[in-house]
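model-v2.txt, holding compact mmCIF, C-alpha atoms:
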```
# COMPACT_ATOMS: atom_id res chain seq x y z
CA MET A 1 0.00 0.00 0.00
CA VAL A 2 2.79 2.42 0.96
CA ARG A 3 4.73 1.41 -2.14
CA ASN A 4 1.72 2.12 -4.36
CA PHE A 5 1.22 5.51 -2.69
CA LEU A 6 4.84 6.47 -3.22
CA PHE A 7 4.63 5.35 -6.85
CA LEU A 8 1.50 7.47 -7.42
CA LEU A 9 3.14 10.44 -5.72
CA LEU A 10 6.22 10.09 -7.92
CA LEU A 11 4.02 9.75 -11.00
CA MET A 12 2.08 12.90 -10.08
CA PHE A 13 5.30 14.87 -9.51
CA THR A 14 6.83 13.66 -12.77
CA SER A 15 3.64 14.44 -14.70
CA ALA A 16 3.42 17.96 -13.22
CA ALA A 17 7.06 18.62 -14.01
CA TRP A 18 6.64 17.33 -17.56
CA ALA A 19 3.49 19.42 -18.08
CA GLN A 20 5.40 22.53 -16.94
CA LYS A 21 8.31 21.78 -19.24
CA ALA A 22 6.02 20.86 -22.14
CA GLY A 23 4.47 24.32 -21.90
CA THR A 24 7.80 26.16 -21.98
CA GLN A 25 8.28 28.03 -25.24
CA LEU A 26 11.01 30.11 -26.86
CA VAL A 27 10.41 33.81 -26.22
CA SER A 28 13.35 35.32 -28.12
CA GLY A 29 16.64 34.34 -29.65
CA PRO A 30 18.85 32.75 -30.51
CA MET A 31 21.15 35.76 -30.26
CA LEU A 32 24.87 35.59 -30.90
CA GLY A 33 26.98 37.19 -28.21
CA TYR A 34 30.75 37.58 -28.24
CA ALA A 35 32.82 35.63 -30.76
CA ASP A 36 36.51 34.82 -30.57
CA MET A 37 38.73 32.24 -32.25
CA LYS A 38 37.92 29.33 -29.93
CA GLU A 39 34.64 30.31 -28.29
CA VAL A 40 31.26 31.82 -29.17
CA LEU A 41 28.33 32.65 -26.89
CA ILE A 42 24.72 31.96 -27.93
CA TRP A 43 21.87 33.51 -25.91
CA ALA A 44 18.22 32.52 -25.74
CA GLN A 45 15.15 33.13 -23.57
CA ALA A 46 12.34 30.75 -22.63
CA SER A 47 8.86 31.45 -21.25
CA GLY A 48 9.54 29.45 -18.09
CA PRO A 49 11.76 26.75 -16.58
CA GLY A 50 13.43 24.65 -19.25
CA VAL A 51 16.75 23.37 -20.50
CA PHE A 52 18.53 24.88 -23.51
CA THR A 53 21.33 23.26 -25.51
CA VAL A 54 22.99 24.24 -28.78
CA ASN A 55 24.21 21.63 -31.26
CA TYR A 56 26.74 22.92 -33.76
CA TRP A 57 29.05 21.69 -36.52
CA PRO A 58 31.40 23.08 -39.19
CA GLN A 59 29.18 24.11 -42.06
CA ASP A 60 31.14 22.00 -44.54
CA LYS A 61 31.46 19.00 -42.18
CA PRO A 62 28.00 18.24 -40.78
CA GLU A 63 29.19 14.91 -39.43
CA GLN A 64 31.41 16.68 -36.85
CA ARG A 65 28.71 17.56 -34.34
CA TYR A 66 29.27 19.13 -30.94
CA SER A 67 26.97 20.34 -28.16
CA THR A 68 27.18 23.04 -25.52
CA ASP A 69 26.68 22.20 -21.88
CA PRO A 70 22.94 22.32 -21.08
CA VAL A 71 21.67 25.40 -19.26
CA ARG A 72 18.55 25.34 -17.08
CA THR A 73 16.61 28.60 -17.15
CA GLU A 74 15.60 30.30 -13.90
CA LYS A 75 13.03 32.94 -13.01
CA ILE A 76 15.56 35.24 -11.33
CA ASN A 77 17.32 35.79 -14.69
CA GLY A 78 14.15 36.04 -16.77
CA TYR A 79 14.57 32.43 -17.98
CA THR A 80 17.53 33.43 -20.11
CA ALA A 81 20.42 31.16 -21.02
CA HIS A 82 24.03 31.81 -22.02
CA LEU A 83 25.36 28.84 -23.97
CA ILE A 84 29.07 28.53 -24.74
CA ALA A 85 30.24 26.79 -27.91
CA ASP A 86 33.84 25.86 -27.08
CA GLN A 87 34.78 23.09 -29.51
CA LEU A 88 35.77 25.53 -32.23
CA GLU A 89 38.60 26.36 -34.57
CA PRO A 90 39.53 29.83 -35.90
CA GLY A 91 38.21 31.19 -39.16
CA LEU A 92 35.36 28.71 -39.69
CA THR A 93 31.63 29.03 -40.23
CA TYR A 94 29.47 26.78 -38.06
CA ALA A 95 25.82 25.86 -38.44
CA TYR A 96 23.87 25.38 -35.24
CA GLU A 97 20.49 24.38 -33.89
CA LEU A 98 18.85 25.57 -30.69
CA VAL A 99 17.30 22.84 -28.56
CA LEU A 100 14.73 23.51 -25.82
CA ASP A 101 13.73 20.61 -23.55
CA GLY A 102 15.00 18.12 -26.11
CA LYS A 103 13.13 19.66 -29.05
CA VAL A 104 15.07 21.17 -31.95
CA LEU A 105 13.57 24.57 -32.73
CA GLN A 106 12.97 25.63 -36.32
CA PHE A 107 13.59 29.10 -37.76
CA ALA A 108 12.75 30.81 -41.04
CA TYR A 109 16.27 32.25 -41.30
CA PRO A 110 19.78 30.74 -41.18
CA THR A 111 21.38 29.94 -37.82
CA VAL A 112 25.13 30.10 -38.35
CA PHE A 113 28.07 31.74 -36.59
CA LYS A 114 31.69 32.46 -37.49
CA THR A 115 34.82 32.29 -35.40
CA GLN A 116 37.41 34.99 -35.80
CA ALA A 117 40.27 34.24 -38.17
CA LEU A 118 43.84 33.56 -37.08
CA TRP A 119 45.33 36.09 -39.47
CA GLN A 120 48.23 37.44 -37.37
CA TYR A 121 51.69 36.83 -38.93
CA ARG A 122 49.94 35.11 -41.85
CA THR A 123 47.85 37.49 -43.96
CA ASP A 124 46.39 40.95 -43.98
CA PRO A 125 43.55 41.29 -41.47
CA PRO A 126 40.14 40.36 -42.90
CA ALA A 127 37.62 42.95 -43.94
CA PHE A 128 34.56 43.10 -41.69
CA SER A 129 31.60 45.30 -40.82
CA VAL A 130 29.93 46.66 -37.69
CA ALA A 131 26.38 47.97 -37.39
CA THR A 132 25.80 50.48 -34.63
CA GLY A 133 23.26 52.86 -33.16
CA SER A 134 21.18 53.61 -30.08
CA CYS A 135 17.74 54.44 -28.70
CA ALA A 136 15.36 51.56 -29.42
CA TYR A 137 11.86 52.26 -28.07
CA ILE A 138 9.33 49.45 -28.49
CA ASN A 139 5.75 50.48 -27.79
CA GLU A 140 3.64 48.76 -25.15
CA THR A 141 0.36 50.68 -25.00
CA GLU A 142 -0.70 49.87 -21.45
CA TYR A 143 2.58 51.22 -20.03
CA ASP A 144 3.38 54.00 -22.50
CA ARG A 145 2.42 57.61 -21.95
CA PRO A 146 -0.88 58.65 -23.55
CA GLY A 147 -0.86 60.16 -27.00
CA LYS A 148 1.08 59.40 -30.15
CA PRO A 149 3.27 56.27 -29.80
CA TYR A 150 6.91 57.15 -29.20
CA GLY A 151 8.33 54.16 -31.07
CA SER A 152 8.02 53.41 -34.80
CA ASP A 153 9.82 52.14 -37.89
CA TYR A 154 10.66 48.70 -36.48
CA GLN A 155 11.63 47.67 -40.00
CA ILE A 156 14.97 49.32 -39.26
CA PHE A 157 16.12 46.02 -37.74
CA THR A 158 15.33 44.24 -41.01
CA SER A 159 17.30 46.93 -42.84
CA ILE A 160 20.28 46.37 -40.54
CA ALA A 161 20.09 42.60 -41.06
CA ASN A 162 20.04 43.17 -44.83
CA GLN A 163 23.47 44.81 -44.52
CA LYS A 164 24.81 41.50 -43.09
CA PRO A 165 27.03 43.00 -40.38
CA ASP A 166 29.56 40.78 -38.64
CA VAL A 167 29.10 42.73 -35.39
CA MET A 168 26.19 44.68 -33.93
CA LEU A 169 27.22 47.27 -31.32
CA TRP A 170 24.37 48.69 -29.22
CA LEU A 171 25.21 52.15 -27.84
CA GLY A 172 22.71 52.45 -25.00
CA ASP A 173 19.02 53.13 -24.44
CA ASN A 174 18.66 49.67 -25.93
CA VAL A 175 15.39 49.41 -24.02
CA TYR A 176 13.43 52.19 -22.32
CA TYR A 177 12.41 51.43 -18.77
CA ARG A 178 9.01 52.97 -17.97
CA GLU A 179 7.66 54.02 -14.56
CA PRO A 180 6.44 50.47 -13.74
CA ASP A 181 9.82 49.01 -14.73
CA TRP A 182 12.79 50.78 -13.25
CA ALA A 183 12.37 50.22 -9.49
CA THR A 184 12.03 46.40 -9.43
CA ARG A 185 13.67 43.34 -10.94
CA THR A 186 10.21 42.21 -12.08
CA GLY A 187 9.72 45.43 -14.02
CA MET A 188 13.18 45.39 -15.58
CA LEU A 189 12.82 41.74 -16.63
CA HIS A 190 9.43 42.51 -18.13
CA ARG A 191 10.77 45.40 -20.20
CA TYR A 192 13.68 43.40 -21.64
CA THR A 193 11.46 40.36 -22.26
CA HIS A 194 8.85 42.42 -24.10
CA ASP A 195 11.29 44.39 -26.24
CA ARG A 196 13.70 41.54 -27.04
CA ALA A 197 10.79 39.48 -28.44
CA LEU A 198 10.06 42.00 -31.21
CA PRO A 199 9.54 39.87 -34.37
CA GLU A 200 11.50 42.25 -36.62
CA LEU A 201 14.52 41.87 -34.35
CA GLN A 202 14.85 38.08 -34.37
CA PRO A 203 16.76 37.51 -37.67
CA LEU A 204 19.30 40.20 -36.72
CA LEU A 205 19.84 38.63 -33.29
CA ALA A 206 20.75 35.34 -34.94
CA GLN A 207 22.95 36.83 -37.63
CA ALA A 208 25.51 39.20 -36.05
CA ASN A 209 27.60 39.05 -32.87
CA HIS A 210 25.99 41.49 -30.42
CA TYR A 211 27.83 43.66 -27.88
CA ALA A 212 26.25 46.40 -25.77
CA ILE A 213 26.70 49.28 -23.38
CA TRP A 214 23.91 51.07 -21.55
CA ASP A 215 22.80 54.67 -21.06
CA ASP A 216 20.22 56.20 -18.74
CA HIS A 217 17.03 54.55 -20.04
CA ASP A 218 18.30 50.97 -19.79
CA PHE A 219 20.01 51.76 -16.47
CA GLY A 220 17.11 53.49 -14.67
CA PRO A 221 15.05 56.69 -14.97
CA ASN A 222 15.85 59.50 -17.38
CA ASP A 223 19.26 61.15 -16.75
CA CYS A 224 19.99 58.87 -13.78
CA ASP A 225 23.47 58.44 -12.31
CA GLY A 226 25.50 56.42 -9.83
CA THR A 227 23.23 57.42 -6.95
CA TRP A 228 20.45 55.23 -8.42
CA VAL A 229 19.58 52.79 -5.63
CA HIS A 230 18.54 49.98 -7.99
CA LYS A 231 21.69 49.98 -10.09
CA GLU A 232 22.78 46.57 -8.77
CA THR A 233 19.54 45.04 -10.03
CA SER A 234 19.87 46.88 -13.31
CA TRP A 235 23.39 45.49 -13.69
CA ASP A 236 22.17 41.93 -13.03
CA VAL A 237 19.42 42.25 -15.62
CA PHE A 238 21.79 43.78 -18.18
CA LYS A 239 24.13 40.80 -17.78
CA ALA A 240 21.22 38.38 -18.13
CA PHE A 241 20.14 39.81 -21.49
CA TRP A 242 23.47 40.52 -23.17
CA GLY A 243 26.44 38.39 -24.16
CA ASN A 244 29.49 40.62 -23.63
CA PRO A 245 32.80 38.89 -22.85
CA THR A 246 33.11 40.59 -19.41
CA TYR A 247 31.34 43.14 -17.22
CA GLY A 248 33.48 45.70 -15.37
CA VAL A 249 37.24 46.14 -15.09
CA ASN A 250 39.76 46.06 -12.24
CA GLY A 251 37.27 44.49 -9.87
CA ASN A 252 34.61 47.13 -10.44
CA LYS A 253 31.04 46.56 -11.53
CA GLY A 254 29.29 48.11 -14.51
CA CYS A 255 29.11 47.33 -18.22
CA THR A 256 32.72 48.28 -19.05
CA THR A 257 34.53 45.78 -21.28
CA TRP A 258 36.88 45.41 -24.23
CA PHE A 259 36.99 43.18 -27.27
CA GLN A 260 39.06 42.82 -30.39
CA TYR A 261 37.54 41.93 -33.73
CA ASN A 262 40.21 41.08 -36.26
CA ASP A 263 42.68 43.99 -35.93
CA MET A 264 40.32 46.59 -34.42
CA GLU A 265 39.89 47.17 -30.69
CA PHE A 266 36.63 48.24 -29.06
CA PHE A 267 36.56 49.89 -25.63
CA LEU A 268 33.05 49.74 -24.16
CA LEU A 269 32.51 52.31 -21.39
CA ASP A 270 29.96 52.76 -18.61
CA ASN A 271 28.83 56.37 -18.20
CA ARG A 272 26.17 55.64 -15.57
CA TYR A 273 27.30 53.32 -12.77
CA PHE A 274 30.02 55.71 -11.47
CA ARG A 275 28.49 58.95 -12.72
CA THR A 276 28.08 61.84 -10.28
CA PRO A 277 24.88 63.91 -10.41
CA ASN A 278 24.56 66.37 -13.28
CA TYR A 279 23.38 69.11 -10.94
CA CYS A 280 25.42 69.08 -7.76
CA ASP A 281 27.95 71.85 -7.14
CA GLU A 282 29.65 70.05 -4.24
CA CYS A 283 29.94 66.66 -5.94
CA PRO A 284 33.06 65.54 -7.82
CA ARG A 285 32.55 65.86 -11.55
CA THR A 286 32.92 62.51 -13.30
CA ALA A 287 31.03 60.40 -15.80
CA LEU A 288 33.39 57.42 -15.68
CA GLY A 289 34.81 57.34 -12.16
CA LYS A 290 38.49 57.24 -11.21
CA GLU A 291 39.17 53.54 -11.84
CA GLN A 292 37.41 53.34 -15.20
CA LEU A 293 39.04 56.55 -16.44
CA ALA A 294 42.50 55.25 -15.52
CA TRP A 295 41.76 51.95 -17.24
CA LEU A 296 40.62 53.70 -20.43
CA LYS A 297 43.72 55.85 -20.66
CA GLY A 298 46.07 52.94 -20.06
CA ALA A 299 44.23 50.66 -22.47
CA LEU A 300 44.30 53.28 -25.21
CA ALA A 301 48.01 53.89 -24.69
CA ASN A 302 48.63 50.14 -24.91
CA SER A 303 46.59 49.63 -28.07
CA ARG A 304 48.25 49.11 -31.43
CA ALA A 305 44.98 48.78 -33.33
CA PRO A 306 44.66 50.82 -36.54
CA PHE A 307 41.44 52.32 -35.14
CA LYS A 308 40.50 52.48 -31.46
CA LEU A 309 36.69 52.45 -31.19
CA VAL A 310 35.47 53.87 -27.85
CA ALA A 311 31.76 53.27 -27.19
CA ILE A 312 30.06 55.50 -24.62
CA GLY A 313 26.43 56.51 -24.16
CA GLY A 314 26.80 60.32 -24.41
CA GLN A 315 28.51 62.63 -26.87
CA VAL A 316 32.18 63.38 -26.24
CA LEU A 317 33.49 65.83 -28.84
CA THR A 318 30.53 68.08 -29.55
CA THR A 319 30.81 71.68 -28.38
CA SER A 320 27.06 71.73 -27.74
CA GLU A 321 26.01 72.04 -24.10
CA ASN A 322 22.49 70.80 -24.71
CA SER A 323 21.31 67.66 -22.95
CA GLU A 324 23.91 65.37 -21.29
CA THR A 325 26.94 66.05 -23.47
CA TYR A 326 30.43 65.89 -22.00
CA ALA A 327 30.81 69.61 -22.76
CA HIS A 328 27.78 70.35 -20.60
CA PHE A 329 28.50 68.46 -17.38
CA PHE A 330 31.96 66.92 -17.45
CA LYS A 331 34.12 69.19 -19.56
CA ALA A 332 37.23 68.80 -17.34
CA GLU A 333 37.09 64.99 -17.61
CA ARG A 334 36.54 65.19 -21.37
CA ASP A 335 39.48 67.58 -21.72
CA SER A 336 41.72 65.27 -19.66
CA ILE A 337 40.92 62.36 -22.01
CA LEU A 338 41.64 64.41 -25.11
CA ALA A 339 44.82 65.84 -23.59
CA PHE A 340 46.00 62.32 -22.77
CA ILE A 341 45.34 61.17 -26.33
CA GLU A 342 47.38 64.09 -27.62
CA LYS A 343 50.26 63.76 -25.15
CA GLU A 344 50.61 60.01 -25.75
CA ASP A 345 50.35 60.49 -29.53
CA ILE A 346 47.50 57.98 -29.80
CA LYS A 347 46.22 57.81 -33.35
CA ASN A 348 42.78 57.16 -34.80
CA VAL A 349 40.57 57.28 -31.74
CA VAL A 350 36.91 57.16 -32.75
CA PHE A 351 34.23 57.67 -30.12
CA LEU A 352 30.98 55.85 -30.91
CA THR A 353 28.14 57.60 -29.08
CA GLY A 354 24.35 57.70 -28.94
CA ASP A 355 21.67 59.28 -26.73
CA ARG A 356 20.85 62.44 -28.70
CA HIS A 357 18.11 61.23 -31.10
CA PHE A 358 20.00 62.53 -34.11
CA THR A 359 23.19 61.52 -35.89
CA GLU A 360 26.33 63.52 -36.68
CA LEU A 361 30.07 63.08 -37.13
CA SER A 362 32.39 65.40 -35.20
CA ALA A 363 36.17 65.70 -35.68
CA TYR A 364 39.16 67.72 -34.65
CA LYS A 365 42.91 67.60 -35.23
CA ASN A 366 44.99 67.79 -32.06
CA GLY A 367 48.42 69.35 -31.52
CA LYS A 368 50.22 66.16 -32.57
CA GLY A 369 48.41 66.23 -35.91
CA ASN A 370 46.15 63.27 -35.06
CA TRP A 371 42.46 63.27 -35.87
CA VAL A 372 39.93 62.35 -33.17
CA TYR A 373 36.36 61.53 -34.20
CA ASP A 374 32.96 61.17 -32.56
CA LEU A 375 30.27 59.34 -34.51
CA THR A 376 26.92 59.87 -32.81
CA THR A 377 24.24 57.48 -34.11
CA SER A 378 20.64 57.82 -32.89
CA PRO A 379 17.77 56.91 -32.85
CA PHE A 380 16.79 53.42 -33.98
CA THR A 381 13.05 53.64 -33.24
CA SER A 382 12.47 56.29 -30.56
CA GLY A 383 11.32 59.81 -31.38
CA PRO A 384 13.87 61.74 -33.51
CA TYR A 385 15.09 65.21 -32.55
CA THR A 386 13.87 66.87 -35.73
CA ASP A 387 15.09 70.34 -34.72
CA ALA A 388 18.71 69.22 -34.35
CA LEU A 389 19.85 70.90 -37.56
CA THR A 390 18.72 74.34 -36.39
CA LYS A 391 19.11 74.07 -32.61
CA GLU A 392 22.29 72.00 -32.17
CA VAL A 393 25.34 74.23 -32.58
CA ASN A 394 28.45 72.06 -32.79
CA ALA A 395 31.61 73.73 -34.06
CA LEU A 396 33.26 70.32 -34.66
CA ARG A 397 30.52 68.80 -36.80
CA ILE A 398 31.59 67.69 -40.27
CA SER A 399 29.16 69.32 -42.66
CA GLU A 400 26.42 67.25 -44.24
CA THR A 401 26.62 64.51 -41.58
CA ILE A 402 23.56 65.37 -39.54
CA ALA A 403 20.55 63.07 -39.75
CA ALA A 404 17.37 63.75 -37.77
CA GLN A 405 15.35 60.64 -38.56
CA HIS A 406 15.44 56.98 -37.56
CA ASN A 407 18.81 55.68 -38.71
CA PHE A 408 21.76 53.38 -38.12
CA ALA A 409 25.42 53.36 -39.12
CA MET A 410 27.55 50.74 -40.82
CA LEU A 411 31.31 50.75 -40.25
CA ARG A 412 33.25 48.75 -42.83
CA PHE A 413 36.93 48.04 -42.23
CA SER A 414 39.15 47.01 -45.12
CA GLY A 415 42.59 47.36 -46.68
CA PRO A 416 46.10 46.00 -45.99
CA ARG A 417 47.45 45.71 -42.45
CA LEU A 418 49.35 49.01 -42.36
CA ASN A 419 46.90 51.01 -44.43
CA ARG A 420 43.41 50.18 -43.18
CA GLN A 421 40.38 52.32 -43.76
CA MET A 422 37.00 52.75 -42.11
CA ASP A 423 34.04 53.51 -44.34
CA ILE A 424 31.10 55.01 -42.45
CA THR A 425 27.67 54.88 -44.05
CA VAL A 426 24.49 56.09 -42.37
CA TYR A 427 21.16 54.63 -43.52
CA ASP A 428 17.54 55.47 -42.77
CA ALA A 429 15.03 52.97 -41.38
CA ASN A 430 14.30 51.63 -44.87
CA GLY A 431 17.94 51.06 -45.69
CA GLN A 432 18.40 54.10 -47.91
CA GLN A 433 21.79 55.82 -47.65
CA ILE A 434 21.80 59.25 -45.98
CA TRP A 435 25.53 60.03 -46.05
CA ALA A 436 28.92 58.33 -46.26
CA LYS A 437 32.45 59.19 -45.15
CA THR A 438 35.80 57.39 -45.43
CA ILE A 439 38.50 57.70 -42.75
CA LEU A 440 42.00 56.45 -43.53
CA GLN A 441 44.38 54.91 -41.01
CA ASN A 442 47.07 57.22 -42.32
CA GLN A 443 44.82 60.27 -42.61
CA PRO A 444 46.83 63.39 -43.51
```
As C-alpha cells, how would this structure be written, given the file I've shared?
Amino acid sequence: MVRNFLFLLLLMFTSAAWAQKAGTQLVSGPMLGYADMKEVLIWAQASGPGVFTVNYWPQDKPEQRYSTDPVRTEKINGYTAHLIADQLEPGLTYAYELVLDGKVLQFAYPTVFKTQALWQYRTDPPAFSVATGSCAYINETEYDRPGKPYGSDYQIFTSIANQKPDVMLWLGDNVYYREPDWATRTGMLHRYTHDRALPELQPLLAQANHYAIWDDHDFGPNDCDGTWVHKETSWDVFKAFWGNPTYGVNGNKGCTTWFQYNDMEFFLLDNRYFRTPNYCDECPRTALGKEQLAWLKGALANSRAPFKLVAIGGQVLTTSENSETYAHFFKAERDSILAFIEKEDIKNVVFLTGDRHFTELSAYKNGKGNWVYDLTTSPFTSGPYTDALTKEVNALRISETIAAQHNFAMLRFSGPRLNRQMDITVYDANGQQIWAKTILQNQP
C-alpha cells in the first residue's frame, strides 16, 4: 500500500514537471553574443523553466557535431540562457540548432556563426563590418504615456540585417524602462522580455555578434546616475540579457569591457554606474569614475589597433552644451581624455556615441596632428530630434553629416594591415543611404 502511494506520488510529480516543461516556449533568440577564435556565446530566452542546448558543426562537415553544456533557465534571470560553444577552430563558419527541452527549434532564417580568423603573422587582417546605433523604443500601450506612440519604424532592424554585419554594437538606451519598470527586478525583466521578443529583431539577433553598453534609459530613470539605488539590479538584468565577454574592469562593476575583432579594438565604457549627479555643485565631476578613467587611458596607450573604437552613451566631442553632453556636465574629464590622447600620440581614436536622437560626425585635429572623431548614431526607433539641424550648434561637426530621422550606421573596415580604412555609411530605417564618409588609417 505504501509502495503504491509512493509510486502514485512520484508519477504525479513527474507528470506535473513534464506538463510545466512541455508548456515552456522560446520567447526570443537565438542571439549571438561575443565571438573569438575558440569560443562563441549563444543567448536565448524561454517562457519558463526549461533546458537549452545548442548543437553545432562546421558548415562544410555536418558529421562533426558538438553540443554546448545544457543550461537550465531560472526565473531570477528572466529564464535566459548563455550557452558557450567551445569546440571551435579559428576562421570557420558553423551551423547550429537551438534545442529547448530536447526539441530542436525551427527558424525561417539561417542559424550560423563564425569564429574569428587567425590572421596574425599570416595574412592581412580580414575585412569586416559593424552595425551600430542607439535608442530603441518598443511600444507597449498599457505602459506608454498617452498620445502618439513614441516608437516606430521597427523595420529598421530588417534593414540592418540586410546589410549582413559581422558585429552589432548597441550604444545604449537599448530598451526604455518605464515608470512600472525601473524600481524592481520584475519590471526590468518585463521590459527586456517584451522588447527583445520584437519579431522584426529576431533575424538580426541570430545573424551578427551582439555587444552592448547602456545609457540612462536601460540603467534606470531619465538622466539617472550612480546614486540610483537599484543599479545593482539593473546590472544583473543587463548581464542576463546581453552576451558581452566581461562586465566591469579592475574588480569594479558596470558594463565596461573590451573586445578585439580582427585587428580593431573596441573599448566599451559605462557612463552611468560611477556617474556623479549632473546638478550638484559640491559633488566631484565625473562620468566614468576614477578607476574606469584610468583603465581607459592605459588601455588606449597600450593599443596598437589601426582604429580604437570607444563606445560611450553620451557625446564626447561636440561643443554643444544641450542635454547630457560631456561639454555640458563633465568638460574637465573630457578635456583630460583628449589631452592624454594628444600627449601620448594615440592615433585614430573614434568615439561611438548615442543618446541624442539625431546623428552627426564630429572631428578635430589635435596638436600632434592626429584626428579624433565622434560618430553619434541615434535613434533606432524612438522619437527623432527633428530640430537638431537648427538648434544643435556644434563647431566640430563635419558638414552634411547630420541626420534627424530613424537611422543606423555601418562601419566597414578594409585594406592592408598598415593602411586600413574605415568607411562610415548612415542609412535610414528603410535602408536608404543618408551620407557616407571614409577615414584612412594614415589620414593626412
Item checked: Selection near Thr276 (chain A), 12 Å with all atoms listed in the file, sequence-local residues under 4 positions removed, as a ChimeraX atom specification -> /A:223-228,271-272,280-290,329-330
Next item on the list: Name the residues, using the chain letters and numbers of the file, that sit within 9 Å of (36.7, 33.3, -31.1) when counting all atoms listed in the file, and give them as an MDAnalysis selection string.
Entry: chainID A and resid 34:40 86 88:91 114:117
Notebook entry, point to check: Which is closest to Ala206 (chain A) among A:Leu32, A:Val229, A:Ile439, A:Leu293, if we use only C-alpha atoms?
Noted result: A:Leu32
Next item on the list: Have a look at CA of Leu189 (chain A) and CA of Gly78 (chain A) and let me know their distance in Å, one decimal.
Entry: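 Separating CA of Leu189 (chain A) from CA of Gly78 (chain A) is a distance of 5.9 Å.
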Margin query: Measuring between all atoms listed in the file, which one of A:Phe267, A:Trp242, A:Tyr121, A:Phe408 shows the shortest distance to Pro379 (chain A)?
Written below: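 Closest to Pro379 (chain A) of all the choices is A:Phe408.
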Margin query: Show me, as a PyMOL selection string, the residues that have an atom within 12 Å of region 243-245 of chain A when counting only C-alpha atoms, minus same-chain residues fewer than 2 positions from it.
Written below: chain A and resi 29-36+39-44+80-84+167-170+205+208-213+237-241+247-249+254-260+266-268
Could you write those residues out with C-alpha atoms, as a PDB file, in the frame of the given file?
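Saved the output as again22.pdb:
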```pdb
ATOM      1  CA  GLY A  29      16.640  34.340 -29.650  1.00  0.00           C
ATOM      2  CA  PRO A  30      18.850  32.750 -30.510  1.00  0.00           C
ATOM      3  CA  MET A  31      21.150  35.760 -30.260  1.00  0.00           C
ATOM      4  CA  LEU A  32      24.870  35.590 -30.900  1.00  0.00           C
ATOM      5  CA  GLY A  33      26.980  37.190 -28.210  1.00  0.00           C
ATOM      6  CA  TYR A  34      30.750  37.580 -28.240  1.00  0.00           C
ATOM      7  CA  ALA A  35      32.820  35.630 -30.760  1.00  0.00           C
ATOM      8  CA  ASP A  36      36.510  34.820 -30.570  1.00  0.00           C
ATOM      9  CA  GLU A  39      34.640  30.310 -28.290  1.00  0.00           C
ATOM     10  CA  VAL A  40      31.260  31.820 -29.170  1.00  0.00           C
ATOM     11  CA  LEU A  41      28.330  32.650 -26.890  1.00  0.00           C
ATOM     12  CA  ILE A  42      24.720  31.960 -27.930  1.00  0.00           C
ATOM     13  CA  TRP A  43      21.870  33.510 -25.910  1.00  0.00           C
ATOM     14  CA  ALA A  44      18.220  32.520 -25.740  1.00  0.00           C
ATOM     15  CA  THR A  80      17.530  33.430 -20.110  1.00  0.00           C
ATOM     16  CA  ALA A  81      20.420  31.160 -21.020  1.00  0.00           C
ATOM     17  CA  HIS A  82      24.030  31.810 -22.020  1.00  0.00           C
ATOM     18  CA  LEU A  83      25.360  28.840 -23.970  1.00  0.00           C
ATOM     19  CA  ILE A  84      29.070  28.530 -24.740  1.00  0.00           C
ATOM     20  CA  VAL A 167      29.100  42.730 -35.390  1.00  0.00           C
ATOM     21  CA  MET A 168      26.190  44.680 -33.930  1.00  0.00           C
ATOM     22  CA  LEU A 169      27.220  47.270 -31.320  1.00  0.00           C
ATOM     23  CA  TRP A 170      24.370  48.690 -29.220  1.00  0.00           C
ATOM     24  CA  LEU A 205      19.840  38.630 -33.290  1.00  0.00           C
ATOM     25  CA  ALA A 208      25.510  39.200 -36.050  1.00  0.00           C
ATOM     26  CA  ASN A 209      27.600  39.050 -32.870  1.00  0.00           C
ATOM     27  CA  HIS A 210      25.990  41.490 -30.420  1.00  0.00           C
ATOM     28  CA  TYR A 211      27.830  43.660 -27.880  1.00  0.00           C
ATOM     29  CA  ALA A 212      26.250  46.400 -25.770  1.00  0.00           C
ATOM     30  CA  ILE A 213      26.700  49.280 -23.380  1.00  0.00           C
ATOM     31  CA  VAL A 237      19.420  42.250 -15.620  1.00  0.00           C
ATOM     32  CA  PHE A 238      21.790  43.780 -18.180  1.00  0.00           C
ATOM     33  CA  LYS A 239      24.130  40.800 -17.780  1.00  0.00           C
ATOM     34  CA  ALA A 240      21.220  38.380 -18.130  1.00  0.00           C
ATOM     35  CA  PHE A 241      20.140  39.810 -21.490  1.00  0.00           C
ATOM     36  CA  TYR A 247      31.340  43.140 -17.220  1.00  0.00           C
ATOM     37  CA  GLY A 248      33.480  45.700 -15.370  1.00  0.00           C
ATOM     38  CA  VAL A 249      37.240  46.140 -15.090  1.00  0.00           C
ATOM     39  CA  GLY A 254      29.290  48.110 -14.510  1.00  0.00           C
ATOM     40  CA  CYS A 255      29.110  47.330 -18.220  1.00  0.00           C
ATOM     41  CA  THR A 256      32.720  48.280 -19.050  1.00  0.00           C
ATOM     42  CA  THR A 257      34.530  45.780 -21.280  1.00  0.00           C
ATOM     43  CA  TRP A 258      36.880  45.410 -24.230  1.00  0.00           C
ATOM     44  CA  PHE A 259      36.990  43.180 -27.270  1.00  0.00           C
ATOM     45  CA  GLN A 260      39.060  42.820 -30.390  1.00  0.00           C
ATOM     46  CA  PHE A 266      36.630  48.240 -29.060  1.00  0.00           C
ATOM     47  CA  PHE A 267      36.560  49.890 -25.630  1.00  0.00           C
ATOM     48  CA  LEU A 268      33.050  49.740 -24.160  1.00  0.00           C
TER      49      LEU A 268
END
```
Which residues are close to Gly313 (chain A), i.e. within 6 Å by all atoms listed in the file, leaving aside same-chain residues fewer than 4 positions away? Reply as a PDB file with C-alpha atoms, in the frame of the given file.
```pdb
ATOM      1  CA  LEU A 171      25.210  52.150 -27.840  1.00  0.00           C
ATOM      2  CA  GLY A 172      22.710  52.450 -25.000  1.00  0.00           C
ATOM      3  CA  ASP A 215      22.800  54.670 -21.060  1.00  0.00           C
ATOM      4  CA  THR A 353      28.140  57.600 -29.080  1.00  0.00           C
ATOM      5  CA  GLY A 354      24.350  57.700 -28.940  1.00  0.00           C
TER       6      GLY A 354
END
```
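In this structure, CA of Thr438 (chain A) sits 6.1 Å away from CA of Ile424 (chain A).
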Please, what is the axis-aligned box for every listed atom of region 345-359 of chain A with 3 Å on each side, as centre and edge lengths in Å to one decimal, as JSON?
```
{"center_x": 34.2, "center_y": 59.2, "center_z": -31.3, "size_x": 38.2, "size_y": 12.7, "size_z": 15.2}
```
Check: Given the choices A:Leu389, A:Ile156, A:Val130, A:Leu352, which gets closest to Asp428 (chain A) if the distance is worked out from only C-alpha atoms?
Finding: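 Selected residue with least distance to Asp428 (chain A): A:Ile156.
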